[in-house]
Amino acid sequence: MNENYNMENLNKTPEQKKENKSILFENHKIELLSEEGAVEFGEEHIKKIEKVLNLFSENGLSPAKKFSEFESINNPDAKHRGGFLGSAHIGYGKSKELSAIIFYNYGMNTNKPHRISSSENFKGKGFVDNFSGTLAHELTHGGTTGEKFFDDYKFNREFIQEWREKFGWKYVRKNVKNEKTGRWEKAAPVEGWEKDKDGFWRNNDYIITREEYTTMPEKCIGGKRGYAASVSQQEDICDSVAAYLLNPSILDKEKREFLENKIKEYKQNYKSDNNS
Ligand SMILES: [Zn+2]
C-alpha cells in the first residue's frame with residue numbers, strides 16, 4: 001500500500017494561488033485549496049495529511065478516495081449548537097459532488113489540542129493536534145455518511161447498526177404512523193427526556209443538541225458533557241476512529257476492542273480482494 005505513496009507540490013503562478021498545492025495518495029489526487037484570507041496548507045499540514053492517510057491505509061481503510069479537495073476557508077468562529085467550536089465539515093467540491101473537506105481556521109490549527117485529547121476525563125493521556133484529529137474525524141464521516149459513501153469503503157451499514165446496539169444509541173422520539181391520517185408524526189419522547197427553555201432535550205444533567213442520545217455516555221470521549229455524547233452516533237464513531245488511529249489510549253476499552261476486531265476483519269477482506 002505504502003509503496004504507491006507519493007506526494008507532490010505543484011507550484012503555480014500567484015494568480016492561481018488558491019490551487020497551489022495538491023497531494024497524490026495511492027494514485028488518488030486531492031487538491032489543497034485555500035480561500036483568500038484563510039490559513040493556507042503548509043508543509044506541516046501536508047506532513048500531517050500524509051501521516052493520517054497512512055494510518056487509515058495501514059488499517060485497510062481508504063476514505064481519502066472519497067475526496068477530491070481539502071479546502072481551507074476563513075471562518076474564525078464557527079460554533080456548533082451547544083457551544084462546541086467547529087473545525088470543519090464535508091461539503092461540495094468544484095465537481096459539485098459531496099467530495100470536499102472544508103476546514104475552518106480552528107480546524108487548520110496544528111498546535112492546539114483536538115477535543116479528543118483535551119477533554120476532562122482523558123487529560124494526561126497524550127496530545128492530538130486539532131488539524132490531525134479533525135482530518136481523521138472528517139475522513140471517517142466520509143465512510144459513514146450517506147448512501148454514496150458505502151460502496152468500497154468499509155464502514156458499512158452493518159458496522160453502524162452494531163455500534164448503535166452495542167453502545168446504546170437511541171432516539172428521543174421515533175416517527176410513528178398516524179393510522180387516521182396516514183401521516184408520519186413524532187411520537188412522545190422516551191420517558192425521562194424533556195425540552196428545556198433553550199430548546200435542548202435534557203434528561204437530568206445529560207443535555208443533547210439533536211434527538212439522539214446514548215445510554216452509555218461515559219463510554220464516549222469527553223463523557224456526558226463531551227461533543228460525541230451530546231451530538232450523535234455519527235460524531236461518536238468519528239471521534240472514536242480518530243482516537244483509535246491517533247492515540248488509542250484515550251478511547252474506551254470496549255470501543256477500542258470493537259474497532260480492533262472490525263479492522264482485523266476488514267484487513268483480511270481487503271487482502272483477499274487485492275489478491276483475487
Ligand atoms: Zn463530525
# chains A, B, ... in the order shown; residues from 1 in each chain; ligands from 1
>>> closest_atom_pairs(of="chain A", to="ligand 1", cutoff="8 Å", atoms="only C-alpha atoms and all ligand atoms", output="tab-separated table")
residue	atom	partner	partner_atom_place_in_ligand_line	distance
A:Ala88	CA	ligand 1	1 (Zn)	8.0
A:His89	CA	ligand 1	1 (Zn)	7.0
A:His137	CA	ligand 1	1 (Zn)	6.3
A:Glu138	CA	ligand 1	1 (Zn)	6.1
A:His141	CA	ligand 1	1 (Zn)	6.5
A:Gln234	CA	ligand 1	1 (Zn)	6.8
A:Glu235	CA	ligand 1	1 (Zn)	4.8
A:Cys238	CA	ligand 1	1 (Zn)	6.3
A:Asp239	CA	ligand 1	1 (Zn)	7.6
>>> select_by_dssp(residues="segment 115-221 of chain A", states="strand (DSSP E)", output="list of chain:residue names")
A:Trp169, A:Lys170, A:Tyr171, A:Asn175, A:Val176, A:Lys177, A:Trp184, A:Glu185, A:Lys186, A:Glu194, A:Lys195, A:Trp201, A:Arg202, A:Asn203, A:Tyr206, A:Ile207, A:Ile208, A:Glu212, A:Tyr213, A:Thr214
>>> closest_residue(among="A:Lys94, A:Lys66, A:Arg81, A:Lys166", to="Phe200 of chain A", atoms="only C-alpha atoms")
A:Arg81
>>> residues_around(residues="segment 95-105 of chain A", least_positions_apart="3", cutoff="10 Å", atoms="only C-alpha atoms", output="PDB file with C-alpha atoms, in the first residue's frame")
ATOM      1  CA  ILE A  30      -6.512  15.566  -3.706  1.00  0.00           C
ATOM      2  CA  GLU A  31      -6.312  19.314  -4.312  1.00  0.00           C
ATOM      3  CA  LEU A  32      -5.483  21.617  -1.402  1.00  0.00           C
ATOM      4  CA  LEU A  33      -7.304  24.915  -1.813  1.00  0.00           C
ATOM      5  CA  SER A  34      -7.068  27.954   0.453  1.00  0.00           C
ATOM      6  CA  GLY A  37      -7.541  35.230   3.939  1.00  0.00           C
ATOM      7  CA  ALA A  38      -7.780  31.643   5.197  1.00  0.00           C
ATOM      8  CA  VAL A  39      -4.996  29.649   6.857  1.00  0.00           C
ATOM      9  CA  GLU A  40      -3.020  28.122   3.988  1.00  0.00           C
ATOM     10  CA  ALA A  64      -9.321   9.520   1.067  1.00  0.00           C
ATOM     11  CA  LYS A  65     -10.561   8.050  -2.217  1.00  0.00           C
ATOM     12  CA  LYS A  66     -13.937   9.642  -1.485  1.00  0.00           C
ATOM     13  CA  PHE A  67     -12.449  13.122  -1.504  1.00  0.00           C
ATOM     14  CA  SER A  68     -11.023  15.267  -4.278  1.00  0.00           C
ATOM     15  CA  GLU A  69     -10.477  18.504  -2.357  1.00  0.00           C
ATOM     16  CA  PHE A  70      -9.386  19.705   1.046  1.00  0.00           C
ATOM     17  CA  GLU A  71     -10.317  23.374   1.370  1.00  0.00           C
ATOM     18  CA  SER A  72      -9.431  25.976   3.953  1.00  0.00           C
ATOM     19  CA  ILE A  73     -11.900  28.839   4.449  1.00  0.00           C
ATOM     20  CA  ASN A  74     -11.680  31.991   6.540  1.00  0.00           C
ATOM     21  CA  ASN A  75     -14.161  31.077   9.249  1.00  0.00           C
ATOM     22  CA  PRO A  76     -12.787  32.137  12.628  1.00  0.00           C
ATOM     23  CA  ASP A  77     -15.654  31.351  14.963  1.00  0.00           C
ATOM     24  CA  ALA A  78     -17.977  28.657  13.691  1.00  0.00           C
ATOM     25  CA  GLY A  86     -16.455  23.926  14.857  1.00  0.00           C
ATOM     26  CA  SER A  87     -13.401  22.789  12.914  1.00  0.00           C
ATOM     27  CA  ALA A  88     -14.620  21.508   9.552  1.00  0.00           C
ATOM     28  CA  HIS A  89     -17.424  19.923   7.558  1.00  0.00           C
ATOM     29  CA  ILE A  90     -17.923  17.813   4.451  1.00  0.00           C
ATOM     30  CA  GLY A  91     -19.154  19.890   1.532  1.00  0.00           C
ATOM     31  CA  TYR A  92     -19.477  20.191  -2.213  1.00  0.00           C
ATOM     32  CA  MET A 108      -6.315  24.190  10.487  1.00  0.00           C
ATOM     33  CA  ASN A 109      -4.573  24.700  13.847  1.00  0.00           C
ATOM     34  CA  PHE A 131      -5.773  19.545  12.395  1.00  0.00           C
ATOM     35  CA  THR A 134     -10.217  16.979  12.549  1.00  0.00           C
ATOM     36  CA  LEU A 135      -8.917  15.360   9.366  1.00  0.00           C
ATOM     37  CA  GLU A 138     -13.999  14.119   8.714  1.00  0.00           C
ATOM     38  CA  LEU A 139     -12.478  11.269   6.706  1.00  0.00           C
ATOM     39  CA  HIS A 141     -17.648  10.830   8.141  1.00  0.00           C
ATOM     40  CA  GLY A 142     -16.799  10.185   4.508  1.00  0.00           C
ATOM     41  CA  GLY A 146     -24.844   8.869   3.157  1.00  0.00           C
ATOM     42  CA  LYS A 148     -22.789   7.183  -1.877  1.00  0.00           C
ATOM     43  CA  PHE A 149     -20.114   6.567   0.680  1.00  0.00           C
TER      44      PHE A 149
END
>>> closest_residue(among="A:Glu191, A:Asp129, A:Glu36, A:Glu26", to="Lys48 of chain A", atoms="only C-alpha atoms")
A:Asp129
>>> residues_around(residues="segment 248-264 of chain A", least_positions_apart="6", cutoff="8 Å", atoms="only C-alpha atoms", output="PyMOL selection string")
chain A and resi 59-60+116-117+122+125-126+219-221+240-241
